[in-house]
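Structure data (mmCIF, C-alpha atoms and all ligand atoms) from final-v3.cif:
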```cif
data_work
loop_
_atom_site.label_atom_id
_atom_site.label_comp_id
_atom_site.auth_asym_id
_atom_site.auth_seq_id
_atom_site.Cartn_x
_atom_site.Cartn_y
_atom_site.Cartn_z
CA MET K 1 8.66 -9.83 -36.73
CA GLU K 2 9.82 -12.87 -34.81
CA PRO K 3 7.18 -15.59 -35.19
CA ILE K 4 6.61 -18.08 -32.42
CA THR K 5 7.31 -21.56 -33.78
CA ALA K 6 6.55 -23.70 -30.71
CA LEU K 7 5.14 -23.54 -27.20
CA LYS K 8 5.90 -26.28 -24.69
CA ALA K 9 5.16 -26.70 -20.99
CA GLU K 10 6.16 -29.12 -18.26
CA LEU K 11 5.58 -29.75 -14.57
CA VAL K 12 8.34 -28.75 -12.16
CA PRO K 13 8.46 -29.70 -8.43
CA LEU K 14 7.79 -26.84 -6.03
CA GLY K 15 7.87 -27.71 -2.33
CA ASN K 16 5.37 -30.51 -1.96
CA GLN K 17 3.46 -29.37 -4.98
CA GLN K 18 4.10 -28.80 -8.68
CA THR K 19 4.38 -25.70 -10.80
CA ILE K 20 4.60 -24.93 -14.52
CA ARG K 21 7.54 -24.18 -16.75
CA ALA K 22 6.64 -22.81 -20.18
CA MET K 23 9.06 -22.52 -23.07
CA VAL K 24 8.50 -20.31 -26.10
CA THR K 25 10.55 -21.02 -29.23
CA THR K 26 10.85 -18.53 -32.08
CA GLU K 27 12.78 -18.59 -35.32
CA HIS K 28 15.94 -17.30 -33.64
CA ALA K 29 15.50 -17.64 -29.90
CA GLN K 30 13.97 -19.38 -26.92
CA GLY K 31 12.65 -18.21 -23.57
CA ALA K 32 11.49 -20.30 -20.61
CA VAL K 33 9.90 -19.21 -17.34
CA THR K 34 8.92 -21.19 -14.24
CA ILE K 35 6.32 -19.55 -12.03
CA PRO K 36 6.26 -19.60 -8.18
CA ALA K 37 3.26 -20.13 -5.89
CA GLY K 38 1.80 -18.39 -2.85
CA ILE K 39 1.17 -19.75 0.63
CA SER K 40 -0.78 -16.79 2.00
CA VAL K 41 -2.90 -16.34 -1.09
CA GLY K 42 -5.24 -13.33 -1.11
CA ALA K 43 -8.94 -14.24 -1.16
CA ALA K 44 -9.55 -12.33 -4.39
CA GLU K 45 -6.38 -13.43 -6.24
CA ALA K 46 -6.61 -14.73 -9.81
CA LYS K 47 -7.43 -18.42 -9.91
CA LEU K 48 -5.03 -21.30 -10.43
CA ILE K 49 -6.02 -24.59 -12.02
CA ASP K 50 -4.63 -28.07 -11.45
CA PRO K 51 -0.98 -27.97 -12.70
CA ALA K 52 -1.34 -31.00 -14.99
CA GLN K 53 -4.43 -29.37 -16.48
CA ALA K 54 -2.46 -26.14 -16.98
CA VAL K 55 0.21 -28.00 -18.98
CA GLN K 56 -2.46 -29.57 -21.14
CA THR K 57 -4.14 -26.18 -21.64
CA ILE K 58 -0.86 -24.65 -22.77
CA HIS K 59 -0.31 -27.41 -25.32
CA GLU K 60 -3.85 -27.81 -26.58
CA VAL K 61 -5.54 -24.42 -26.20
CA ILE K 62 -2.88 -21.69 -26.01
CA GLY K 63 -0.19 -23.15 -28.30
CA PRO K 64 -2.35 -23.41 -31.43
CA VAL K 65 -3.39 -19.75 -31.06
CA LEU K 66 0.09 -18.33 -30.35
CA VAL K 67 2.18 -20.25 -32.88
CA GLY K 68 2.81 -17.93 -35.83
CA LYS K 69 2.23 -14.76 -33.79
CA ASP K 70 4.97 -12.14 -33.40
CA CYS K 71 6.81 -12.75 -30.14
CA LEU K 72 7.97 -9.11 -30.15
CA ASP K 73 4.39 -7.89 -29.88
CA GLN K 74 3.82 -8.59 -26.18
CA ARG K 75 0.63 -6.53 -26.05
CA SER K 76 -1.20 -8.44 -28.75
CA ILE K 77 -0.01 -11.79 -27.42
CA ASP K 78 -1.24 -10.90 -23.95
CA GLN K 79 -4.52 -9.69 -25.41
CA ALA K 80 -4.90 -13.02 -27.19
CA LEU K 81 -4.29 -14.81 -23.87
CA MET K 82 -6.89 -12.67 -22.09
CA ASP K 83 -9.41 -13.21 -24.90
CA LEU K 84 -8.85 -16.96 -24.79
CA ASP K 85 -9.54 -16.96 -21.06
CA GLY K 86 -12.41 -14.49 -21.14
CA THR K 87 -12.93 -14.28 -17.36
CA ALA K 88 -12.06 -11.52 -14.88
CA ASP K 89 -10.57 -13.92 -12.34
CA ARG K 90 -8.80 -16.11 -14.96
CA SER K 91 -10.73 -19.11 -13.75
CA HIS K 92 -11.34 -20.47 -17.25
CA LEU K 93 -7.76 -21.22 -18.33
CA GLY K 94 -6.08 -20.47 -15.00
CA VAL K 95 -3.39 -17.94 -14.16
CA ASN K 96 -0.85 -20.78 -14.00
CA ALA K 97 -1.49 -21.62 -17.65
CA LEU K 98 -1.52 -18.00 -18.87
CA LEU K 99 1.27 -16.34 -16.87
CA PRO K 100 4.25 -18.61 -17.63
CA VAL K 101 3.47 -18.27 -21.34
CA SER K 102 3.22 -14.47 -21.20
CA LEU K 103 6.49 -14.17 -19.25
CA ALA K 104 8.29 -16.68 -21.47
CA VAL K 105 7.28 -14.61 -24.50
CA ALA K 106 9.07 -11.62 -22.95
CA ARG K 107 12.17 -13.69 -22.23
CA ALA K 108 12.20 -15.09 -25.79
CA ALA K 109 11.74 -11.59 -27.22
CA ALA K 110 14.70 -10.32 -25.18
CA ALA K 111 16.82 -13.21 -26.49
CA ALA K 112 15.69 -12.59 -30.06
CA LEU K 113 16.70 -8.93 -29.74
CA SER K 114 19.99 -9.83 -27.98
CA ARG K 115 19.10 -7.74 -24.98
CA GLU K 116 18.70 -8.37 -21.29
CA LEU K 117 15.26 -9.26 -19.97
CA TYR K 118 15.12 -6.14 -17.79
CA GLU K 119 15.84 -4.02 -20.86
CA GLN K 120 12.98 -5.65 -22.72
CA ILE K 121 10.65 -5.07 -19.77
CA ALA K 122 11.79 -1.44 -19.41
CA GLU K 123 11.00 -0.86 -23.06
CA LEU K 124 7.57 -2.44 -22.73
CA ALA K 125 6.98 -0.37 -19.58
CA ASN K 126 8.31 2.74 -21.25
CA THR K 127 10.48 3.51 -18.27
CA GLU K 128 14.13 3.70 -17.25
CA PRO K 129 15.69 0.66 -15.58
CA ARG K 130 16.45 1.22 -11.92
CA LEU K 131 18.26 -0.86 -9.31
CA PRO K 132 15.83 -1.46 -6.46
CA GLU K 133 16.76 -1.37 -2.79
CA THR K 134 16.43 -4.83 -1.29
CA ILE K 135 14.15 -6.03 1.51
CA VAL K 136 15.68 -9.17 3.03
CA VAL K 137 13.55 -11.49 5.14
CA ALA K 138 15.19 -12.19 8.51
CA LEU K 139 12.42 -13.87 10.52
CA GLU K 140 9.41 -15.81 9.33
CA GLY K 141 6.06 -16.27 11.01
CA GLY K 142 2.34 -16.29 10.33
CA LYS K 143 1.04 -18.76 7.78
CA HIS K 144 4.57 -19.26 6.40
CA ALA K 145 5.93 -20.53 9.74
CA PRO K 146 3.12 -21.32 12.18
CA SER K 147 5.50 -23.14 14.58
CA SER K 148 7.42 -19.90 15.21
CA GLY K 149 4.70 -18.55 17.46
CA LEU K 150 4.99 -15.21 15.64
CA THR K 151 1.79 -13.91 14.13
CA ILE K 152 3.52 -11.50 11.72
CA GLN K 153 4.52 -13.21 8.45
CA GLU K 154 7.83 -11.51 7.61
CA PHE K 155 10.30 -9.45 9.65
CA SER K 156 12.78 -7.97 7.18
CA LEU K 157 15.83 -5.76 6.95
CA VAL K 158 15.98 -3.00 4.35
CA GLY K 159 19.50 -2.96 2.92
CA SER K 160 21.99 -5.11 1.08
CA PRO K 161 21.59 -8.91 1.17
CA ALA K 162 25.21 -9.34 2.29
CA THR K 163 24.77 -7.04 5.29
CA ALA K 164 21.44 -8.66 6.12
CA ALA K 165 23.13 -12.09 6.01
CA GLN K 166 25.61 -10.94 8.68
CA ILE K 167 22.79 -9.64 10.85
CA ILE K 168 20.80 -12.86 10.44
CA ASP K 169 23.88 -14.90 11.41
CA ALA K 170 24.35 -12.72 14.51
CA LEU K 171 20.69 -13.12 15.44
CA ASP K 172 20.93 -16.89 14.90
CA ALA K 173 23.92 -17.06 17.27
CA GLN K 174 22.13 -14.91 19.85
CA LEU K 175 19.06 -17.15 19.77
CA ARG K 176 21.20 -20.25 20.28
CA GLN K 177 22.89 -18.58 23.23
CA MET K 178 19.47 -17.82 24.72
CA GLY K 179 18.50 -21.48 24.38
CA HIS K 180 15.97 -20.80 21.60
CA PRO K 181 17.68 -22.30 18.54
CA SER K 182 16.01 -21.40 15.25
CA THR K 183 15.65 -23.24 11.96
CA THR K 184 15.75 -21.88 8.41
CA GLY K 185 12.35 -21.13 6.93
CA GLY K 186 11.16 -21.55 3.36
CA GLU K 187 12.16 -17.98 2.45
CA GLY K 188 15.57 -18.23 4.09
CA GLY K 189 14.59 -16.31 7.22
CA LEU K 190 14.93 -17.75 10.70
CA VAL K 191 12.03 -19.62 12.25
CA LEU K 192 11.90 -19.28 16.02
CA SER K 193 11.00 -22.15 18.27
CA GLY K 194 7.85 -20.57 19.64
CA GLN K 195 8.88 -18.77 22.83
CA LEU K 196 9.01 -15.15 21.73
CA THR K 197 6.42 -12.47 21.01
CA ASN K 198 6.41 -10.31 17.86
CA GLN K 199 7.76 -7.45 19.96
CA ALA K 200 10.61 -9.48 21.51
CA ALA K 201 11.58 -10.84 18.10
CA LEU K 202 11.72 -7.35 16.61
CA GLN K 203 13.84 -6.12 19.51
CA LEU K 204 16.33 -8.97 19.00
CA LEU K 205 16.49 -8.25 15.27
CA LEU K 206 17.09 -4.57 15.90
CA ASP K 207 19.79 -5.34 18.50
CA ALA K 208 21.50 -7.77 16.10
CA ALA K 209 21.52 -5.12 13.37
CA ILE K 210 23.05 -2.49 15.64
CA LYS K 211 25.62 -4.92 17.06
CA SER K 212 26.58 -5.90 13.52
CA GLY K 213 27.49 -2.29 12.77
CA THR K 214 24.39 -0.90 11.04
CA SER K 215 24.01 2.50 12.60
CA GLN K 216 20.47 3.26 11.44
CA PRO K 217 18.73 -0.03 10.71
CA GLN K 218 15.50 0.12 8.78
CA LEU K 219 13.01 -2.67 9.15
CA ALA K 220 10.08 -3.89 7.10
CA LEU K 221 7.13 -6.01 8.17
CA ASP K 222 4.64 -8.03 6.20
CA VAL K 223 1.90 -8.34 8.79
CA ALA K 224 -0.36 -10.26 6.37
CA ALA K 225 -3.17 -9.26 8.72
CA SER K 226 -5.86 -11.03 6.72
CA HIS K 227 -4.19 -14.38 7.36
CA GLY K 228 -4.02 -14.26 11.14
CA VAL K 229 -5.34 -12.57 14.24
CA ILE K 230 -3.19 -9.52 14.86
CA PRO K 231 -4.83 -6.69 16.78
CA GLU K 232 -4.45 -3.27 15.23
CA ALA K 233 -3.29 -1.92 18.60
CA GLU K 234 -0.34 -4.33 18.61
CA VAL K 235 0.78 -3.36 15.11
CA ARG K 236 0.40 0.31 15.95
CA GLN K 237 2.57 -0.15 19.04
CA LEU K 238 5.30 -1.88 17.02
CA VAL K 239 5.29 0.88 14.42
CA GLY K 240 5.69 3.45 17.20
CA GLN K 241 8.49 1.54 18.91
CA PHE K 242 10.70 0.33 16.04
CA PRO K 243 12.24 1.88 12.91
CA ILE K 244 9.78 0.27 10.53
CA ALA K 245 10.09 1.93 7.14
CA ILE K 246 7.76 -0.35 5.21
CA ILE K 247 4.68 -2.06 6.56
CA GLU K 248 2.78 -4.44 4.31
CA ASP K 249 -0.85 -5.43 4.90
CA PRO K 250 -0.93 -3.99 8.45
CA LEU K 251 -4.70 -4.32 8.53
CA GLU K 252 -7.31 -6.76 7.32
CA GLN K 253 -8.40 -6.28 3.74
CA GLU K 254 -12.01 -5.47 4.65
CA ASN K 255 -11.00 -2.57 6.83
CA LEU K 256 -10.71 0.20 4.21
CA GLU K 257 -11.45 3.07 6.56
CA GLN K 258 -8.68 1.97 8.90
CA TRP K 259 -6.27 1.65 5.96
CA GLN K 260 -7.13 5.20 4.96
CA ALA K 261 -6.59 6.46 8.50
CA TRP K 262 -3.24 4.64 8.71
CA THR K 263 -2.08 6.09 5.43
CA LYS K 264 -3.00 9.58 6.62
CA GLU K 265 -1.25 9.06 9.96
CA PHE K 266 1.89 7.17 8.91
CA GLY K 267 2.07 7.56 5.14
CA THR K 268 4.19 10.68 5.01
CA SER K 269 7.16 8.91 6.58
CA ARG K 270 6.51 5.21 5.97
CA LEU K 271 5.36 3.01 3.17
CA ILE K 272 1.97 1.42 3.76
CA ALA K 273 2.09 -1.43 1.26
CA ALA K 274 -0.95 -3.15 -0.22
CA ASP K 275 -0.64 -6.82 -1.09
CA ASP K 276 -3.66 -8.87 0.06
CA LEU K 277 -5.60 -5.62 0.02
CA THR K 278 -5.40 -5.24 -3.76
CA VAL K 279 -4.19 -8.68 -5.02
CA GLY K 280 -3.14 -7.33 -8.42
CA ASN K 281 -6.72 -6.54 -9.34
CA PRO K 282 -6.92 -3.37 -11.51
CA ARG K 283 -10.32 -2.26 -10.22
CA MET K 284 -9.28 -2.68 -6.58
CA ILE K 285 -5.97 -0.91 -7.22
CA LYS K 286 -7.65 2.00 -8.98
CA ASP K 287 -10.05 2.41 -6.04
CA ALA K 288 -7.21 2.09 -3.55
CA VAL K 289 -5.24 4.86 -5.28
CA GLN K 290 -8.29 7.11 -5.52
CA GLN K 291 -9.22 6.58 -1.88
CA GLY K 292 -5.64 6.93 -0.62
CA VAL K 293 -5.77 3.71 1.40
CA ALA K 294 -2.06 2.94 0.92
CA ASN K 295 1.00 4.47 -0.75
CA CYS K 296 2.86 1.42 -2.03
CA LEU K 297 1.92 -1.55 -4.21
CA VAL K 298 3.29 -5.04 -3.73
CA VAL K 299 3.68 -6.73 -7.12
CA LYS K 300 3.67 -10.55 -7.00
CA LEU K 301 3.57 -13.11 -9.78
CA ASN K 302 0.29 -15.02 -10.19
CA GLN K 303 -1.77 -12.04 -9.08
CA THR K 304 -1.98 -10.98 -12.72
CA ALA K 305 -2.18 -13.36 -15.65
CA THR K 306 -0.06 -11.48 -18.17
CA LEU K 307 2.93 -9.13 -18.22
CA SER K 308 0.96 -6.40 -20.01
CA GLU K 309 -1.69 -6.32 -17.28
CA LEU K 310 1.04 -6.10 -14.69
CA LEU K 311 2.62 -3.14 -16.49
CA ASP K 312 -0.78 -1.44 -16.56
CA LEU K 313 -0.99 -1.78 -12.77
CA VAL K 314 2.32 -0.01 -12.45
CA ASP K 315 0.94 2.89 -14.50
CA LEU K 316 -2.16 2.98 -12.32
CA VAL K 317 -0.26 3.39 -9.06
CA ARG K 318 2.37 5.77 -10.42
CA VAL K 319 -0.48 8.23 -11.09
CA GLY K 320 -1.02 8.30 -7.32
CA ASN K 321 2.72 8.62 -6.64
CA TRP K 322 2.83 5.17 -5.02
CA LYS K 323 6.09 3.27 -4.60
CA ILE K 324 6.46 -0.33 -5.73
CA VAL K 325 7.79 -3.46 -4.02
CA VAL K 326 8.31 -6.41 -6.35
CA SER K 327 7.98 -9.48 -4.16
CA HIS K 328 8.84 -13.15 -4.22
CA ARG K 329 6.21 -15.72 -3.28
CA GLY K 330 6.05 -18.15 -0.39
CA LEU K 331 7.13 -21.01 -2.68
CA GLU K 332 9.86 -20.02 -5.13
CA THR K 333 11.89 -21.58 -7.92
CA ASP K 334 15.38 -20.57 -9.00
CA ASP K 335 13.91 -18.47 -11.79
CA ALA K 336 14.94 -14.85 -11.16
CA PHE K 337 12.33 -13.26 -13.43
CA ILE K 338 11.18 -10.97 -10.61
CA THR K 339 14.59 -9.33 -10.41
CA ASP K 340 14.45 -8.30 -14.06
CA LEU K 341 10.87 -7.26 -13.50
CA ALA K 342 11.79 -5.03 -10.57
CA VAL K 343 14.63 -3.37 -12.50
CA GLY K 344 12.59 -3.17 -15.71
CA ILE K 345 9.58 -1.42 -14.20
CA GLY K 346 11.75 0.86 -12.07
CA ALA K 347 10.48 -0.54 -8.75
CA GLU K 348 11.90 1.07 -5.62
CA TYR K 349 12.21 -2.27 -3.79
CA LEU K 350 12.76 -5.98 -4.34
CA LYS K 351 11.75 -8.38 -1.56
CA ALA K 352 13.17 -11.84 -2.20
CA GLY K 353 13.90 -13.71 1.05
CA SER K 354 17.45 -14.24 2.29
CA LEU K 355 20.69 -15.74 0.99
CA ARG K 356 20.16 -18.88 3.09
CA ARG K 357 17.90 -20.41 0.40
CA PRO K 358 19.35 -20.87 -3.10
CA GLU K 359 16.16 -20.00 -4.96
CA ARG K 360 16.04 -16.67 -3.06
CA LYS K 361 19.78 -16.05 -3.46
CA ALA K 362 19.27 -16.49 -7.22
CA LYS K 363 17.23 -13.28 -7.22
CA TYR K 364 20.01 -11.30 -5.52
CA ASP K 365 22.69 -12.87 -7.72
CA ARG K 366 20.76 -11.68 -10.72
CA LEU K 367 20.53 -8.19 -9.23
CA ALA K 368 24.31 -8.15 -8.76
CA ALA K 369 24.76 -9.19 -12.40
CA ILE K 370 22.36 -6.48 -13.58
CA ARG K 371 24.21 -3.92 -11.45
CA ILE K 372 27.42 -4.75 -13.31
CA HIS K 373 25.63 -4.74 -16.61
CA LEU K 374 24.20 -1.30 -15.98
CA GLN K 375 27.57 0.01 -14.82
CA GLN K 376 29.22 -1.28 -17.97
CA GLY K 377 26.37 -0.24 -20.27
CA THR K 378 26.83 -3.47 -22.19
CA THR K 379 24.92 -5.37 -24.91
CA THR K 380 22.57 -2.73 -26.27
CA GLY K 381 25.08 0.02 -25.59
CA SER K 382 22.74 1.29 -22.91
CA THR K 383 24.17 4.24 -21.04
CA VAL K 384 21.59 4.08 -18.28
CA ALA K 385 23.25 5.02 -15.04
CA PRO K 386 22.58 2.64 -12.16
CA GLN K 387 20.43 4.30 -9.53
CA ALA K 388 22.20 2.97 -6.51
CA PRO K 389 20.69 3.93 -3.18
CA SER K 390 21.48 7.49 -2.28
CA GLN K 391 22.84 8.85 1.00
CA PRO K 392 20.99 8.22 4.16
CA PRO K 393 17.62 7.79 3.49
CA SER K 394 15.21 8.03 6.12
CA ASN K 395 11.93 8.84 4.48
CA PRO K 396 10.88 6.03 2.17
CA MET K 397 8.22 8.27 0.65
CA THR K 398 10.82 10.66 -0.67
CA SER K 399 13.70 8.25 -1.31
CA PRO K 400 14.25 4.53 -0.98
CA PRO K 401 15.64 3.90 2.49
CA ASP K 402 19.05 2.41 2.86
CA GLY K 403 19.00 0.45 6.08
CA ASP K 404 22.60 -0.41 5.44
CA SER K 405 24.85 2.16 7.07
CA ARG K 406 27.23 1.89 4.10
CA THR K 407 26.98 4.48 1.38
CA SER K 408 26.41 3.35 -2.17
CA SER K 409 30.11 3.63 -2.99
CA GLU K 410 30.78 1.12 -0.21
CA GLU K 411 28.24 -1.34 -1.60
CA PRO K 412 29.94 -4.74 -1.47
CA SER K 413 31.29 -5.65 -4.86
CA VAL K 414 29.96 -8.74 -6.53
CA ALA K 415 33.35 -10.34 -6.11
CA ASP K 416 33.50 -9.99 -2.36
CA SER K 417 29.87 -10.49 -1.59
CA PRO K 418 28.14 -13.83 -1.21
CA VAL K 419 25.52 -12.40 -3.54
CA GLY K 420 27.90 -12.65 -6.42
CA GLN K 421 29.34 -16.05 -5.68
C1 LIG U 501 3.62 -12.13 0.65
C2 LIG U 501 4.19 -13.35 -0.04
C3 LIG U 501 5.69 -13.43 0.07
P1 LIG U 501 2.74 -15.51 -0.40
O1 LIG U 501 2.58 -12.21 1.32
O2 LIG U 501 4.12 -11.02 0.48
O3 LIG U 501 6.11 -13.57 1.36
O4 LIG U 501 3.59 -14.51 0.49
O5 LIG U 501 3.47 -15.78 -1.65
O6 LIG U 501 2.57 -16.72 0.44
O7 LIG U 501 1.44 -14.83 -0.70
MG MG U 502 2.40 -9.97 1.60
#
```

Any chance you could put this one into structure tokens?
Amino acid sequence: MEPITALKAELVPLGNQQTIRAMVTTEHAQGAVTIPAGISVGAAEAKLIDPAQAVQTIHEVIGPVLVGKDCLDQRSIDQALMDLDGTADRSHLGVNALLPVSLAVARAAAAALSRELYEQIAELANTEPRLPETIVVALEGGKHAPSSGLTIQEFSLVGSPATAAQIIDALDAQLRQMGHPSTTGGEGGLVLSGQLTNQAALQLLLDAAIKSGTSQPQLALDVAASHGVIPEAEVRQLVGQFPIAIIEDPLEQENLEQWQAWTKEFGTSRLIAADDLTVGNPRMIKDAVQQGVANCLVVKLNQTATLSELLDLVDLVRVGNWKIVVSHRGLETDDAFITDLAVGIGAEYLKAGSLRRPERKAKYDRLAAIRIHLQQGTTTGSTVAPQAPSQPPSNPMTSPPDGDSRTSSEEPSVADSPVGQ
């Protein structure tokens, strides 16, 4: 028993808006979490309330109920949060009042038990920690970077952040040489100056990867098709032409029959990832698994209001043998909770932007620290072996791809990689 003694919240700047930081204090520990925010928010996502209102709700409505409760009992705390809200879409108290509290409880519990956050999450999830493969955003478009002229939201490299950084630098130099200088987007990817098509951009990215020494590059796209006008025929052509291992929201969310057909056609060799399609909603995810409309779930903060609900979603999709991508949001803070989440739930992938933005780099730095921790089996005496990416990859349905041509033993060490600086 580790009773909660205080719950505090404050506003934190996030881009040109504000977000919430919640801090849980117990008899022996503290845990604070700051939540991110989306830009391309799914139509059916859980509802946010005004940030100042969320802070007030945490102090006046949630705090009085949680103080005195056992911080180690995540399930009953999350149940209390859900009961207090009482709505399916979390519109009463707001996901931005509920979620930072639920996550901060987990962080405080980990501190109280002198363990790492990912270990606490793995115990709650009843699974083995696992080091995810990383998906690094190289080019930004869509709603995240309308000026780029690209209608696809994210063009990413599957592989180590350090290798991806080299490829992004090479692409940046190439674009300058072509007279199309790019800028750095909010997620750390490059934002083009509007002259290139999706296809031309992908070709340049692929060329940069090969020139940088990656023999079998693997790419990932977040088409975010519900947020723009992207003909199915165009996406289909790109998938046929380029080594795209993971394709997120390739189709509009209403188009379930097309999703099903895509999963049948491409799903044995590629991951068809549902983000806006399922928006963290348990009913929609259950249906999606039953109907076979995708084979991979994107897990994002704010789509679910509590950690326990999120863990239940993982169980739901594992029944259907789906893979999991834990993803950053369009607007991020330097809180690396999602890295511990990805490791703790045993996700196959972590998508967290690129090293060019410090709040994204923080996620990869944390992954490097966890890698060392797992290798050393420290704190709790854990002997869990790190599941570093295995030898060449290829089929993401049978093993996480490793777009990096290096083998796991050649993985850059924390010391010599910018990730660990
Ligand atoms: C996504 C995320 C991250 P947003 O669609 O996968 O890029 O975007 O947070 O804006 O929903
Ligand atoms: Mg997405």

If the limit is 7 Å from any atom of ligand LIG 501 (chain U), counting all atoms listed in the file, which residues qualify? Return them as a PyMOL selection string. chain K and resi 37-42+144+154+222+224+275+327-331

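Between Leu113 (chain K) and the candidates K:Leu66, K:Met1, K:Val279, K:Ala170, the tightest atom-to-atom separation, counting all atoms listed in the file, involves K:Met1.
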
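Between Asp276 (chain K) and the residues K:Glu232, K:Glu10, K:Asp249, K:Asp169, the shortest atom-to-atom distance, using only C-alpha atoms, involves K:Asp249.
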
Closest to Gln174 (chain K) among K:Val67, K:Leu157, K:Leu205, K:Val101, using only C-alpha atoms?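 With only C-alpha atoms as the atom set, the closest residue is K:Leu205.
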
Point (14.1, -18.2, -28.9), cut-off 10 Å, counting all atoms listed in the file, residues as a ChimeraX atom specification: /K:2-6,23-32,71,104-105,107-113

Please identify all polymer residues within 12 Å of Phe266 (chain K), counting only C-alpha atoms, omitting same-chain residues fewer than 2 positions from it, and present them as a list in words.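 Selected residues are Arg236, Val239, Gly240, Ile244, Ala245, Ile246, Ile247, Pro250, Gln258, Trp259, Gln260, Ala261, Trp262, Thr263, Lys264, Thr268, Ser269, Arg270, Leu271, Ile272, Ala273, Val293, Ala294, Asn295, Asn395, Pro396 and Met397 of chain K.
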
Taking only C-alpha atoms and all ligand atoms into account, name the residue in K:Thr304, K:Ser354, K:Ser215, K:Ser156 that is nearest to ligand MG 502 (chain U).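 Checking each of K:Thr304, K:Ser354, K:Ser215, K:Ser156 against ligand MG 502 (chain U), counting only C-alpha atoms and all ligand atoms, the winner is K:Ser156.
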
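Using all atoms listed in the file, the smallest distance between any of K:Gln376, K:Gln290, K:Ser226, K:Thr184 and Glu254 (chain K) comes from K:Ser226.
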
Nearest to ligand MG 502 (chain U) by atom-to-atom distance, counting all atoms listed in the file, from K:Val137, K:Leu316, K:Val229, K:Ala362: K:Val137

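Neighbours of region 346-351 of chain K closer than or equal to 6 Å, with only C-alpha atoms counted and sequence neighbours fewer than 5 positions away skipped, come out as Pro129, Arg130, Pro132, Glu133, Thr134, Ile135, Ile324, Val325, Val326 and Ser327 of chain K.
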
Can you spit out the residues from that selection as a PDB file, keeping the file's coordinate frame, using C-alpha atoms?
```pdb
ATOM      1  CA  PRO K 129      15.690   0.660 -15.580  1.00  0.00           C
ATOM      2  CA  ARG K 130      16.450   1.220 -11.920  1.00  0.00           C
ATOM      3  CA  PRO K 132      15.830  -1.460  -6.460  1.00  0.00           C
ATOM      4  CA  GLU K 133      16.760  -1.370  -2.790  1.00  0.00           C
ATOM      5  CA  THR K 134      16.430  -4.830  -1.290  1.00  0.00           C
ATOM      6  CA  ILE K 135      14.150  -6.030   1.510  1.00  0.00           C
ATOM      7  CA  ILE K 324       6.460  -0.330  -5.730  1.00  0.00           C
ATOM      8  CA  VAL K 325       7.790  -3.460  -4.020  1.00  0.00           C
ATOM      9  CA  VAL K 326       8.310  -6.410  -6.350  1.00  0.00           C
ATOM     10  CA  SER K 327       7.980  -9.480  -4.160  1.00  0.00           C
TER      11      SER K 327
END
```

What is the CA of Arg75 (chain K) to CA of Tyr364 (chain K) distance in Å?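 Between CA of Arg75 (chain K) and CA of Tyr364 (chain K) the gap is 28.6 Å.
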
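Those residues that approach Gly186 (chain K) to within 10 Å, counting all atoms listed in the file, are K:Gly15, K:Glu140, K:His144, K:Ala145, K:Leu190, K:Val191, K:Gly330, K:Leu331, K:Glu332, K:Gly353, K:Ser354, K:Arg356, K:Arg357, K:Glu359, K:Arg360; same-chain residues fewer than 4 positions away are not listed.
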
Take the selection from the previous step and output its residues with C-alpha atoms, as a PDB file, keeping the file's coordinate frame.
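Resulting contents of selection-v5.pdb:
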```
ATOM      1  CA  GLY K  15       7.870 -27.710  -2.330  1.00  0.00           C
ATOM      2  CA  GLU K 140       9.410 -15.810   9.330  1.00  0.00           C
ATOM      3  CA  HIS K 144       4.570 -19.260   6.400  1.00  0.00           C
ATOM      4  CA  ALA K 145       5.930 -20.530   9.740  1.00  0.00           C
ATOM      5  CA  LEU K 190      14.930 -17.750  10.700  1.00  0.00           C
ATOM      6  CA  VAL K 191      12.030 -19.620  12.250  1.00  0.00           C
ATOM      7  CA  GLY K 330       6.050 -18.150  -0.390  1.00  0.00           C
ATOM      8  CA  LEU K 331       7.130 -21.010  -2.680  1.00  0.00           C
ATOM      9  CA  GLU K 332       9.860 -20.020  -5.130  1.00  0.00           C
ATOM     10  CA  GLY K 353      13.900 -13.710   1.050  1.00  0.00           C
ATOM     11  CA  SER K 354      17.450 -14.240   2.290  1.00  0.00           C
ATOM     12  CA  ARG K 356      20.160 -18.880   3.090  1.00  0.00           C
ATOM     13  CA  ARG K 357      17.900 -20.410   0.400  1.00  0.00           C
ATOM     14  CA  GLU K 359      16.160 -20.000  -4.960  1.00  0.00           C
ATOM     15  CA  ARG K 360      16.040 -16.670  -3.060  1.00  0.00           C
TER      16      ARG K 360
END
```

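One finds CA of Val223 (chain K) at 11.9 Å from CA of Leu277 (chain K).
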
From the block I gave, I'd like region 300-304 of chain K written with N, CA and C atoms, as an mmCIF file, in the first residue's frame.
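Ended up saving to decode.cif:
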```
data_model
loop_
_atom_site.group_PDB
_atom_site.id
_atom_site.type_symbol
_atom_site.label_atom_id
_atom_site.label_comp_id
_atom_site.auth_asym_id
_atom_site.auth_seq_id
_atom_site.Cartn_x
_atom_site.Cartn_y
_atom_site.Cartn_z
ATOM 1 N N LYS K 300 -1.506 5.904 -29.466
ATOM 2 C CA LYS K 300 -1.104 7.303 -29.230
ATOM 3 C C LYS K 300 -1.725 7.785 -27.925
ATOM 4 N N LEU K 301 -0.998 8.618 -27.208
ATOM 5 C CA LEU K 301 -1.564 9.199 -25.996
ATOM 6 C C LEU K 301 -2.732 10.108 -26.379
ATOM 7 N N ASN K 302 -3.642 10.247 -25.446
ATOM 8 C CA ASN K 302 -4.871 11.066 -25.594
ATOM 9 C C ASN K 302 -5.989 10.327 -26.321
ATOM 10 N N GLN K 303 -5.671 9.197 -26.954
ATOM 11 C CA GLN K 303 -6.768 8.453 -27.580
ATOM 12 C C GLN K 303 -7.501 7.624 -26.528
ATOM 13 N N THR K 304 -6.791 7.291 -25.455
ATOM 14 C CA THR K 304 -7.441 6.632 -24.321
ATOM 15 C C THR K 304 -7.193 7.487 -23.085
#
```
